[in-house]
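A.B. asks: Take a look at model_19.csv, CSV, C-alpha atoms:
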```
chain,number,residue,atom,x,y,z
A,1,MET,CA,126.0,58.7,-68.8
A,2,GLY,CA,122.6,59.5,-67.2
A,3,HIS,CA,119.0,59.5,-68.6
A,4,ARG,CA,118.2,61.8,-71.5
A,5,PRO,CA,115.0,63.8,-71.5
A,6,SER,CA,112.0,61.8,-72.8
A,7,SER,CA,108.6,62.5,-74.1
A,8,LEU,CA,107.3,60.4,-71.2
A,9,ASP,CA,108.2,63.3,-68.9
A,10,GLU,CA,106.5,66.0,-70.9
A,11,PRO,CA,102.9,67.2,-70.5
A,12,ARG,CA,100.6,65.9,-73.2
A,13,PRO,CA,100.0,68.6,-75.8
A,14,GLN,CA,96.5,69.8,-76.7
A,15,ARG,CA,95.4,67.7,-79.7
A,16,ALA,CA,93.1,68.8,-82.5
A,17,SER,CA,92.0,65.2,-82.9
A,18,THR,CA,92.3,62.0,-81.0
A,19,PRO,CA,95.0,59.8,-82.4
A,20,ARG,CA,94.0,56.4,-83.8
A,21,LEU,CA,96.4,53.6,-83.4
A,22,ALA,CA,96.8,50.4,-85.4
A,23,VAL,CA,99.0,47.3,-84.8
A,24,VAL,CA,100.3,44.7,-87.2
A,25,GLY,CA,100.5,41.5,-85.2
A,26,ASN,CA,98.9,38.1,-84.6
A,27,PRO,CA,95.5,38.8,-83.2
A,28,GLU,CA,95.4,35.9,-80.8
A,29,ASN,CA,98.7,36.7,-79.3
A,30,ARG,CA,99.1,38.1,-75.8
A,31,ARG,CA,101.4,40.8,-77.1
A,32,VAL,CA,98.5,42.3,-79.1
A,33,ALA,CA,96.1,41.9,-76.2
A,34,LEU,CA,98.4,43.7,-73.8
A,35,PHE,CA,98.8,46.6,-76.3
A,36,GLU,CA,95.0,46.7,-76.7
A,37,ASP,CA,94.6,47.0,-73.0
A,38,ALA,CA,97.1,49.9,-72.9
A,39,VAL,CA,95.3,51.7,-75.7
A,40,ARG,CA,91.9,51.2,-74.0
A,41,ALA,CA,93.3,52.4,-70.6
A,42,ALA,CA,94.5,55.6,-72.3
A,43,GLY,CA,90.9,56.4,-73.4
A,44,LEU,CA,91.8,56.1,-77.1
A,45,PRO,CA,89.6,54.7,-79.9
A,46,ALA,CA,89.7,50.9,-80.3
A,47,LEU,CA,93.0,49.6,-81.7
A,48,ARG,CA,92.8,48.4,-85.3
A,49,VAL,CA,94.6,45.0,-85.5
A,50,VAL,CA,96.0,44.0,-88.9
A,51,PRO,CA,97.0,40.3,-88.9
A,52,TRP,CA,100.5,39.4,-90.2
A,53,ALA,CA,98.8,36.5,-92.0
A,54,ASP,CA,96.7,38.9,-94.1
A,55,VAL,CA,99.8,41.1,-94.8
A,56,LEU,CA,101.7,38.1,-96.1
A,57,SER,CA,98.9,36.6,-98.1
A,58,ASP,CA,97.6,39.9,-99.6
A,59,GLY,CA,100.9,41.5,-100.5
A,60,GLY,CA,100.7,44.3,-97.9
A,61,ALA,CA,98.2,46.5,-96.1
A,62,ASP,CA,97.0,50.1,-96.3
A,63,PHE,CA,96.8,52.6,-93.5
A,64,ALA,CA,95.2,56.1,-93.3
A,65,ALA,CA,97.6,58.9,-93.3
A,66,GLU,CA,96.9,59.8,-89.7
A,67,GLU,CA,96.9,56.3,-88.3
A,68,ILE,CA,99.8,55.6,-86.0
A,69,VAL,CA,101.1,52.1,-86.8
A,70,ARG,CA,103.0,49.8,-84.5
A,71,LEU,CA,104.5,46.5,-85.6
A,72,ASP,CA,104.5,43.6,-83.2
A,73,SER,CA,106.2,40.2,-83.4
A,74,PRO,CA,105.0,37.7,-86.1
A,75,GLY,CA,106.1,34.8,-83.8
A,76,GLU,CA,104.0,32.1,-82.1
A,77,ASN,CA,101.7,31.5,-85.1
A,78,ALA,CA,102.2,28.4,-87.1
A,79,GLU,CA,100.6,29.7,-90.3
A,80,VAL,CA,102.6,33.0,-90.2
A,81,ASP,CA,105.8,31.0,-89.5
A,82,ARG,CA,105.0,28.8,-92.5
A,83,LEU,CA,104.5,31.9,-94.8
A,84,LEU,CA,107.8,33.4,-93.5
A,85,ARG,CA,110.1,30.4,-93.3
A,86,GLY,CA,108.4,28.0,-95.7
A,87,ALA,CA,108.7,25.2,-93.1
A,88,GLY,CA,105.8,23.0,-92.2
A,89,ASP,CA,107.1,22.4,-88.6
A,90,PRO,CA,107.4,25.6,-86.5
A,91,THR,CA,109.9,23.9,-84.2
A,92,ARG,CA,112.5,23.6,-86.9
A,93,VAL,CA,115.5,25.9,-86.5
A,94,GLU,CA,116.5,26.2,-90.1
A,95,GLY,CA,115.1,28.8,-92.4
A,96,SER,CA,115.9,32.1,-90.6
A,97,GLY,CA,117.5,33.5,-93.8
A,98,ARG,CA,114.2,33.0,-95.7
A,99,TRP,CA,112.3,34.4,-92.7
A,100,TYR,CA,114.4,37.6,-92.7
A,101,ALA,CA,113.9,38.2,-96.5
A,102,ARG,CA,110.2,37.7,-96.3
A,103,PHE,CA,109.7,39.6,-93.1
A,104,THR,CA,111.6,42.7,-94.2
A,105,ALA,CA,109.7,42.5,-97.6
A,106,ALA,CA,106.4,42.3,-95.6
A,107,VAL,CA,107.4,45.4,-93.5
A,108,ARG,CA,108.1,47.3,-96.7
A,109,SER,CA,104.7,46.3,-98.2
A,110,LEU,CA,102.8,48.3,-95.6
A,111,ARG,CA,101.5,51.5,-97.1
A,112,GLY,CA,100.6,54.8,-95.4
A,113,GLY,CA,100.3,55.6,-91.8
A,114,VAL,CA,102.8,57.0,-89.3
A,115,ARG,CA,105.3,54.4,-88.3
A,116,LEU,CA,106.6,53.6,-84.8
A,117,ASP,CA,109.0,51.1,-86.3
A,118,ASP,CA,111.3,52.2,-89.1
A,119,PRO,CA,111.7,49.6,-92.0
A,120,ASP,CA,115.4,50.3,-92.5
A,121,GLU,CA,116.1,50.1,-88.8
A,122,LEU,CA,114.2,46.9,-88.5
A,123,ALA,CA,116.3,45.4,-91.3
A,124,VAL,CA,119.4,46.2,-89.2
A,125,LEU,CA,117.9,45.0,-85.9
A,126,PHE,CA,117.1,41.6,-87.4
A,127,ASP,CA,120.6,41.1,-88.8
A,128,LYS,CA,123.0,40.7,-85.8
A,129,ARG,CA,126.0,41.3,-88.0
A,130,LEU,CA,124.7,44.7,-89.2
A,131,CYS,CA,123.4,45.6,-85.7
A,132,HIS,CA,126.7,44.9,-84.1
A,133,ALA,CA,128.5,47.1,-86.6
A,134,VAL,CA,126.1,50.0,-86.0
A,135,LEU,CA,126.5,49.8,-82.2
A,136,ASP,CA,130.3,49.5,-82.5
A,137,ALA,CA,130.6,52.5,-84.8
A,138,ALA,CA,128.5,54.5,-82.3
A,139,GLY,CA,130.9,53.7,-79.4
A,140,VAL,CA,128.5,51.3,-77.7
A,141,PRO,CA,130.5,48.6,-75.9
A,142,VAL,CA,129.9,45.2,-77.6
A,143,PRO,CA,131.7,41.8,-77.6
A,144,ALA,CA,134.4,41.5,-80.2
A,145,SER,CA,133.2,40.0,-83.4
A,146,PRO,CA,135.0,39.0,-86.7
A,147,THR,CA,131.6,38.9,-88.5
A,148,SER,CA,130.6,42.4,-87.7
A,149,GLY,CA,129.2,44.6,-90.6
A,150,PRO,CA,128.9,44.1,-94.3
A,151,GLN,CA,132.6,43.5,-94.7
A,152,GLY,CA,132.8,41.0,-91.8
A,153,ALA,CA,134.0,37.4,-92.3
A,154,ARG,CA,131.4,35.1,-93.7
A,155,VAL,CA,130.9,31.8,-91.9
A,156,ARG,CA,130.3,28.9,-94.4
A,157,GLY,CA,130.5,26.2,-91.8
A,158,TRP,CA,132.2,24.7,-88.8
A,159,ASP,CA,135.7,24.9,-90.3
A,160,ASP,CA,135.3,28.7,-90.5
A,161,VAL,CA,134.3,28.8,-86.8
A,162,ARG,CA,137.3,26.8,-85.9
A,163,ALA,CA,139.5,29.1,-87.9
A,164,ALA,CA,138.0,32.2,-86.3
A,165,MET,CA,138.6,30.8,-82.8
A,166,ARG,CA,142.3,30.3,-83.6
A,167,GLU,CA,142.9,33.5,-85.6
A,168,HIS,CA,141.1,35.8,-83.2
A,169,ARG,CA,142.1,33.9,-80.0
A,170,MET,CA,138.6,33.2,-79.0
A,171,PRO,CA,138.6,29.9,-77.1
A,172,ARG,CA,135.0,30.7,-76.0
A,173,LEU,CA,132.5,32.3,-78.3
A,174,PHE,CA,128.8,32.4,-79.2
A,175,VAL,CA,127.7,31.2,-82.6
A,176,LYS,CA,124.4,32.9,-83.4
A,177,PRO,CA,122.1,32.7,-86.4
A,178,ALA,CA,122.3,36.2,-87.9
A,179,HIS,CA,118.5,36.5,-88.1
A,180,GLY,CA,117.5,34.4,-85.1
A,181,SER,CA,115.6,35.3,-82.0
A,182,SER,CA,114.8,33.8,-78.5
A,183,ALA,CA,118.2,32.0,-78.5
A,184,SER,CA,117.0,29.8,-81.4
A,185,GLY,CA,120.0,28.1,-82.9
A,186,VAL,CA,122.5,29.8,-80.6
A,187,LEU,CA,125.5,27.8,-79.5
A,188,ALA,CA,127.9,28.7,-76.7
A,189,VAL,CA,131.1,27.1,-77.8
A,190,GLU,CA,134.2,26.5,-75.6
A,191,SER,CA,137.4,24.7,-76.4
A,192,GLY,CA,139.9,23.1,-74.1
A,193,GLY,CA,143.3,21.3,-74.1
A,194,GLY,CA,143.8,18.3,-76.3
A,195,GLY,CA,141.4,19.6,-79.0
A,196,ARG,CA,138.4,19.1,-76.7
A,197,ILE,CA,135.3,21.1,-77.7
A,198,ARG,CA,131.9,21.6,-76.1
A,199,ALA,CA,128.7,23.5,-77.2
A,200,THR,CA,125.8,24.4,-75.0
A,201,THR,CA,122.6,25.0,-76.9
A,202,SER,CA,118.8,24.5,-77.0
A,203,VAL,CA,119.1,22.9,-80.5
A,204,GLU,CA,118.1,19.2,-80.7
A,205,LEU,CA,120.0,17.4,-83.5
A,206,ALA,CA,117.7,14.7,-84.8
A,207,ALA,CA,119.0,11.4,-86.3
A,208,ASP,CA,118.1,12.6,-89.8
A,209,GLY,CA,120.2,15.7,-89.3
A,210,GLY,CA,117.3,18.1,-88.8
A,211,LEU,CA,117.5,20.8,-86.1
A,212,TYR,CA,114.7,21.4,-83.7
A,213,ASN,CA,114.1,24.0,-81.0
A,214,SER,CA,113.9,22.5,-77.6
A,215,LEU,CA,113.0,24.0,-74.2
A,216,ARG,CA,115.9,21.9,-72.7
A,217,VAL,CA,119.4,23.3,-72.9
A,218,ARG,CA,121.8,20.5,-73.7
A,219,ARG,CA,125.5,20.0,-74.2
A,220,TYR,CA,127.3,18.4,-77.2
A,221,GLU,CA,130.9,17.2,-76.7
A,222,ARG,CA,131.4,15.3,-80.0
A,223,GLU,CA,132.9,17.7,-82.5
A,224,GLN,CA,131.1,15.9,-85.4
A,225,ASP,CA,127.7,16.8,-83.8
A,226,ILE,CA,128.6,20.4,-83.3
A,227,ALA,CA,129.9,20.6,-86.8
A,228,ALA,CA,126.7,19.1,-88.1
A,229,ILE,CA,124.6,21.8,-86.4
A,230,VAL,CA,126.8,24.7,-87.5
A,231,ASP,CA,127.0,23.4,-91.1
A,232,ALA,CA,123.2,23.1,-91.2
A,233,LEU,CA,122.8,26.7,-89.9
A,234,ALA,CA,125.5,28.4,-92.0
A,235,PRO,CA,123.4,28.9,-95.2
A,236,ASP,CA,121.1,31.2,-93.2
A,237,GLY,CA,124.0,33.3,-92.1
A,238,LEU,CA,125.9,33.2,-88.8
A,239,HIS,CA,127.3,35.8,-86.4
A,240,LEU,CA,130.3,35.1,-84.1
A,241,GLU,CA,130.9,37.0,-80.8
A,242,ARG,CA,133.5,36.6,-78.1
A,243,TRP,CA,131.9,35.0,-75.0
A,244,LEU,CA,132.3,37.6,-72.2
A,245,PRO,CA,132.4,36.4,-68.6
A,246,LYS,CA,129.3,37.8,-66.9
A,247,ALA,CA,128.6,38.9,-63.4
A,248,THR,CA,126.7,36.5,-61.1
A,249,GLN,CA,123.9,36.6,-58.7
A,250,GLU,CA,123.5,33.8,-56.1
A,251,GLY,CA,126.0,31.8,-58.1
A,252,ARG,CA,124.1,32.1,-61.4
A,253,ALA,CA,125.2,34.0,-64.5
A,254,ALA,CA,123.2,37.3,-64.8
A,255,ASP,CA,122.3,39.7,-67.5
A,256,LEU,CA,119.5,42.2,-67.9
A,257,ARG,CA,116.8,42.9,-70.5
A,258,VAL,CA,116.2,46.7,-70.5
A,259,VAL,CA,113.3,48.2,-72.4
A,260,VAL,CA,114.0,51.7,-73.9
A,261,VAL,CA,110.9,53.7,-74.9
A,262,ALA,CA,111.2,57.1,-76.6
A,263,GLY,CA,114.9,57.3,-75.7
A,264,ARG,CA,114.5,56.5,-72.0
A,265,ALA,CA,115.3,53.2,-70.2
A,266,THR,CA,111.9,52.5,-68.6
A,267,HIS,CA,111.8,48.8,-67.6
A,268,ALA,CA,114.4,46.3,-66.6
A,269,VAL,CA,114.5,42.7,-65.5
A,270,VAL,CA,117.4,40.6,-64.3
A,271,ARG,CA,117.7,37.1,-65.8
A,272,THR,CA,119.9,34.5,-64.2
A,273,SER,CA,120.9,31.0,-65.3
A,274,ARG,CA,123.3,28.1,-64.6
A,275,SER,CA,123.7,27.8,-68.4
A,276,PRO,CA,125.1,30.4,-70.8
A,277,MET,CA,121.5,31.1,-72.0
A,278,THR,CA,119.6,33.2,-69.6
A,279,ASN,CA,116.3,33.3,-71.6
A,280,LEU,CA,113.4,32.7,-69.2
A,281,HIS,CA,111.8,30.1,-71.5
A,282,LEU,CA,115.0,28.0,-71.4
A,283,GLY,CA,115.0,27.7,-67.7
A,284,GLY,CA,116.4,31.1,-66.7
A,285,ARG,CA,114.8,32.8,-63.8
A,286,ARG,CA,114.2,36.4,-62.8
A,287,GLY,CA,116.8,37.8,-60.4
A,288,ASP,CA,116.6,40.7,-58.0
A,289,LEU,CA,117.0,44.1,-59.5
A,290,ASP,CA,117.6,45.9,-56.2
A,291,THR,CA,120.5,43.6,-55.5
A,292,VAL,CA,122.0,44.4,-58.9
A,293,ARG,CA,121.7,48.1,-58.2
A,294,GLU,CA,123.4,47.6,-54.9
A,295,ALA,CA,126.2,45.5,-56.4
A,296,VAL,CA,126.8,48.1,-59.1
A,297,GLU,CA,127.1,50.9,-56.6
A,298,ALA,CA,129.2,48.8,-54.2
A,299,ALA,CA,131.7,48.3,-57.1
A,300,GLY,CA,132.0,52.1,-57.4
A,301,ALA,CA,129.9,52.4,-60.6
A,302,ARG,CA,126.6,54.1,-61.2
A,303,TRP,CA,123.4,52.4,-62.0
A,304,THR,CA,122.4,55.2,-64.2
A,305,ASP,CA,125.5,54.7,-66.3
A,306,LEU,CA,124.5,51.1,-67.0
A,307,LEU,CA,121.0,52.3,-68.1
A,308,GLY,CA,122.8,54.9,-70.1
A,309,VAL,CA,124.6,52.2,-72.1
A,310,CYS,CA,121.1,50.9,-73.1
A,311,GLU,CA,119.9,54.3,-74.0
A,312,GLN,CA,123.1,54.8,-76.1
A,313,ALA,CA,122.3,51.6,-78.0
A,314,ALA,CA,118.7,52.6,-78.5
A,315,ALA,CA,119.8,56.0,-79.9
A,316,CYS,CA,121.3,54.1,-82.8
A,317,PHE,CA,117.7,53.5,-83.9
A,318,PRO,CA,116.1,56.9,-83.5
A,319,ARG,CA,113.0,56.2,-85.7
A,320,THR,CA,112.0,53.1,-83.7
A,321,LEU,CA,109.9,53.9,-80.6
A,322,CYS,CA,110.8,50.9,-78.4
A,323,VAL,CA,113.6,48.4,-78.3
A,324,GLY,CA,114.7,45.7,-75.8
A,325,VAL,CA,118.4,45.8,-75.0
A,326,ASP,CA,120.3,42.8,-73.6
A,327,LEU,CA,122.9,44.2,-71.3
A,328,LEU,CA,125.8,41.9,-70.3
A,329,PRO,CA,127.3,43.1,-66.9
A,330,ALA,CA,131.0,42.2,-66.6
A,331,VAL,CA,132.4,40.3,-63.6
A,332,GLY,CA,132.5,42.8,-60.8
A,333,TRP,CA,129.5,44.8,-62.0
A,334,ARG,CA,131.6,47.9,-62.9
A,335,ARG,CA,131.1,47.7,-66.7
A,336,ALA,CA,128.6,46.2,-69.2
A,337,ALA,CA,128.4,45.5,-72.9
A,338,VAL,CA,125.4,45.2,-75.1
A,339,GLY,CA,124.7,41.7,-76.4
A,340,GLU,CA,121.7,42.4,-78.6
A,341,VAL,CA,119.1,45.0,-79.4
A,342,ASN,CA,115.7,43.5,-80.0
A,343,ALA,CA,112.9,45.1,-82.0
A,344,PHE,CA,110.2,43.1,-80.1
A,345,GLY,CA,111.9,42.9,-76.7
A,346,ASP,CA,109.0,44.4,-74.7
A,347,LEU,CA,107.1,41.3,-73.5
A,348,LEU,CA,107.6,41.7,-69.8
A,349,PRO,CA,104.0,41.2,-68.4
A,350,ARG,CA,103.0,43.0,-65.2
A,351,LEU,CA,106.4,44.7,-64.9
A,352,THR,CA,106.1,48.4,-64.1
A,353,GLY,CA,108.5,51.2,-64.9
A,354,LEU,CA,111.8,52.0,-63.1
A,355,PRO,CA,111.8,54.7,-60.5
A,356,GLY,CA,112.7,58.1,-62.2
A,357,SER,CA,112.0,56.7,-65.7
A,358,GLY,CA,108.7,58.6,-66.2
A,359,ALA,CA,107.0,55.2,-66.6
A,360,GLU,CA,106.3,54.5,-63.0
A,361,GLY,CA,103.2,52.4,-62.6
A,362,LEU,CA,103.1,51.7,-66.4
A,363,ASP,CA,103.8,48.4,-68.1
A,364,THR,CA,105.9,48.4,-71.3
A,365,TYR,CA,102.9,48.8,-73.5
A,366,ALA,CA,101.3,51.6,-71.5
A,367,ALA,CA,104.7,53.3,-71.6
A,368,GLN,CA,104.7,53.2,-75.4
A,369,VAL,CA,101.2,54.6,-75.6
A,370,ALA,CA,102.3,57.4,-73.2
A,371,GLY,CA,105.4,58.0,-75.3
A,372,VAL,CA,103.3,58.5,-78.4
A,373,LEU,CA,100.8,60.8,-76.7
A,374,GLY,CA,103.5,62.8,-75.0
A,375,ASP,CA,105.0,63.8,-78.3
A,376,LEU,CA,102.3,63.4,-80.8
A,377,ALA,CA,103.5,66.1,-83.1
A,378,ARG,CA,106.9,64.3,-83.5
A,379,TYR,CA,105.2,61.1,-84.7
A,380,ARG,CA,102.9,62.9,-87.1
A,381,THR,CA,105.9,64.6,-88.7
A,382,GLY,CA,108.2,61.6,-88.5
A,383,THR,CA,110.9,63.4,-86.6
A,384,PRO,CA,113.4,61.0,-84.9
A,385,HIS,CA,113.5,60.9,-81.0
A,386,ALA,CA,115.6,63.6,-79.4
```
For this file, produce the structure as structure tokens.
C.D. replies:
Amino acid sequence: MGHRPSSLDEPRPQRASTPRLAVVGNPENRRVALFEDAVRAAGLPALRVVPWADVLSDGGADFAAEEIVRLDSPGENAEVDRLLRGAGDPTRVEGSGRWYARFTAAVRSLRGGVRLDDPDELAVLFDKRLCHAVLDAAGVPVPASPTSGPQGARVRGWDDVRAAMREHRMPRLFVKPAHGSSASGVLAVESGGGGRIRATTSVELAADGGLYNSLRVRRYEREQDIAAIVDALAPDGLHLERWLPKATQEGRAADLRVVVVAGRATHAVVRTSRSPMTNLHLGGRRGDLDTVREAVEAAGARWTDLLGVCEQAAACFPRTLCVGVDLLPAVGWRRAAVGEVNAFGDLLPRLTGLPGSGAEGLDTYAAQVAGVLGDLARYRTGTPHA
């Protein structure tokens, strides 16, 4: 599967009026600053920034009919986190279920404007169980999961995880908070002979049973500790996925974050790690993209086909301008599966577009502005991406 046509490739239409963009985000966050830079560089009127804190405190926000509204991550702000999760300590892992309910309600409290992020699609993107089912139904390759979709198995605690490992013959699996992000609360669980069990995670289990996010990946080998973590996370909702062996680069497990804008895979970064978590904030490091392309082609596959898998995943969310797709290349580099689709997966500072993507020389935010300008009529009528 190759690239599909994208509004990034099309000439900008003559416009009767200059579009005015707004963003709902945390004003102090670098995400908002990078998008502001992109809007300014395009010669557009100053970006209107609507703080998430105001949306949550005031019960919504209003936008003019012609305003083009982009949503950005509500993360990295202690007050917003408190309003969403109800927790005083932003490092606590628990509370993602409450976060999801309040976040999706906040998105639906926005009134007016032309949206670049569809509320119904965001509700799916932020529930890994629902997202997995949508991808699977569309033929996107994904890891096997017993919790996929509304009818999937519910995980009430560690005993259910153990039962799923036996019944579905999954000696290695990922246990993920259904509404988590940035690997918060994720456990990579593997079992061995003699009942041995091990979990790799960034969760720190405190003496009082509280769970805290840590920048250090650690291993738990006492089943009672693993059970305590899973049991504490279960009320928020858990998603289970088979742990797929991944390709490697320089002896490190490798995956890719691919940003898709207006239907086109525009940016990609390789992430490598010695642990199952490749997130850069957890000690993962950027790999070499040219080496990945060479490995794919040497294996007899096509690089464009791997990008095509990401575009196929993004096509499941046609009313959302931009998503970040986590692509899991299989050992040997011939095939790949989609691990996750992220609504706010575009934070790749200073990274410019892929050759042939239509976003050459543009960062992820400039590519989104170009995508809007390249097909302004579509956004004004709310037509999904082609």
A.B. asks: Contacts of Gly193 in chain A at 12 Å or less, counting all atoms listed in the file, minus same-chain residues fewer than 4 places along, as a ChimeraX atom specification?
C.D. replies: /A:171,197-198
A.B. asks: Could you take the residues named above and write them with C-alpha atoms, as a PDB file, in the coordinates of the input?
C.D. replies:
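As written to disk, part_10.pdb reads:
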```pdb
ATOM      1  CA  PRO A 171     138.600  29.900 -77.100  1.00  0.00           C
ATOM      2  CA  ILE A 197     135.300  21.100 -77.700  1.00  0.00           C
ATOM      3  CA  ARG A 198     131.900  21.600 -76.100  1.00  0.00           C
TER       4      ARG A 198
END
```
A.B. asks: So that I can see what lies close to range 92-104 of chain A, please list as number ranges by chain the residues with an atom at most 10 Å from it, counting only C-alpha atoms and leaving out residues fewer than 6 positions away in the same chain.
C.D. replies: A: 52, 56, 74, 81-86, 119-120, 122-124, 126-127, 177-181, 184-186, 203-204, 210-214, 229, 232-238
A.B. asks: Env of Asp72 in chain A: 7 Å cut, atoms = all atoms listed in the file, seq-sep filter 2 positions within chain, self excluded. Answer as a ChimeraX atom specification.
C.D. replies: /A:23-25,70,74,344
A.B. asks: Under the rule that all atoms listed in the file are counted, which of A:Gly345, A:Pro355, A:Pro90, A:Gly339 is the nearest residue to Arg31 in chain A?
C.D. replies: A:Gly345
A.B. asks: With only C-alpha atoms as the basis for distance, which of A:Asp89, A:Asp231, A:Asp290, A:Glu28 is at the shortest distance from Trp303 in chain A?
C.D. replies: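 Selected residue with least distance to Trp303 in chain A: A:Asp290.
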A.B. asks: Which neighbours of Val50 in chain A fall inside 10 Å, counting all atoms listed in the file, when residues of the same chain fewer than 5 positions from it are skipped, and could you give them as a ChimeraX atom specification?
C.D. replies: /A:22-27,55,61-63,69,71
A.B. asks: Could you list, as a PyMOL selection string, every residue within 10 Å of range 333-338 of chain A, counting all atoms listed in the file and ignoring same-chain residues fewer than 2 positions away?
C.D. replies: chain A and resi 132+135-136+140-143+244+246-248+255-256+292-303+305-307+309-310+312-313+325-331+340-341
A.B. asks: Please indicate the distance in Å from CA of Thr91 in chain A to CA of Glu190 in chain A, rounded to one decimal place.
C.D. replies: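 Taking CA of Thr91 in chain A as the start and CA of Glu190 in chain A as the end point, the length is 25.9 Å.
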A.B. asks: Give the padded box for range 367-376 of chain A as lines of an AutoDock Vina configuration file: axis-aligned, covering all atoms listed in the file, 8 Å on each side, centre and edge lengths in Å to one decimal.
C.D. replies:
```
center_x = 103.1
center_y = 58.5
center_z = -76.2
size_x = 20.6
size_y = 26.6
size_z = 25.2
```
A.B. asks: Out of A:Ala105, A:Val189, A:Val49, A:Ala38, which residue has the shortest atom-to-atom distance to Thr201 in chain A when counting all atoms listed in the file?
C.D. replies: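 Looking at the shortest contact to Thr201 in chain A, the residue is A:Val189.
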A.B. asks: As a CSV table (one decimal), in the coordinates of the input, could you write out range 285-299 of chain A once it has been completed with N, CA and C atoms?
C.D. replies:
```csv
chain,number,residue,atom,x,y,z
A,285,ARG,N,115.8,32.3,-64.8
A,285,ARG,CA,114.8,32.8,-63.8
A,285,ARG,C,115.1,34.3,-63.5
A,286,ARG,N,114.1,35.0,-63.1
A,286,ARG,CA,114.2,36.4,-62.8
A,286,ARG,C,115.1,36.5,-61.5
A,287,GLY,N,116.0,37.5,-61.6
A,287,GLY,CA,116.8,37.8,-60.4
A,287,GLY,C,116.3,39.0,-59.7
A,288,ASP,N,117.0,39.6,-58.8
A,288,ASP,CA,116.6,40.7,-58.0
A,288,ASP,C,117.2,42.0,-58.5
A,289,LEU,N,116.4,42.9,-58.9
A,289,LEU,CA,117.0,44.1,-59.5
A,289,LEU,C,117.6,45.0,-58.4
A,290,ASP,N,117.0,45.1,-57.3
A,290,ASP,CA,117.6,45.9,-56.2
A,290,ASP,C,119.0,45.4,-55.8
A,291,THR,N,119.1,44.1,-55.8
A,291,THR,CA,120.5,43.6,-55.5
A,291,THR,C,121.5,43.9,-56.6
A,292,VAL,N,121.1,44.0,-57.8
A,292,VAL,CA,122.0,44.4,-58.9
A,292,VAL,C,122.4,45.8,-58.7
A,293,ARG,N,121.4,46.7,-58.4
A,293,ARG,CA,121.7,48.1,-58.2
A,293,ARG,C,122.7,48.3,-57.1
A,294,GLU,N,122.5,47.5,-56.0
A,294,GLU,CA,123.4,47.6,-54.9
A,294,GLU,C,124.8,47.1,-55.2
A,295,ALA,N,124.9,46.0,-56.0
A,295,ALA,CA,126.2,45.5,-56.4
A,295,ALA,C,126.9,46.5,-57.3
A,296,VAL,N,126.2,47.1,-58.2
A,296,VAL,CA,126.8,48.1,-59.1
A,296,VAL,C,127.4,49.3,-58.3
A,297,GLU,N,126.6,49.8,-57.4
A,297,GLU,CA,127.1,50.9,-56.6
A,297,GLU,C,128.2,50.5,-55.6
A,298,ALA,N,128.1,49.3,-55.1
A,298,ALA,CA,129.2,48.8,-54.2
A,298,ALA,C,130.5,48.7,-55.0
A,299,ALA,N,130.4,48.5,-56.3
A,299,ALA,CA,131.7,48.3,-57.1
A,299,ALA,C,132.2,49.7,-57.5
```
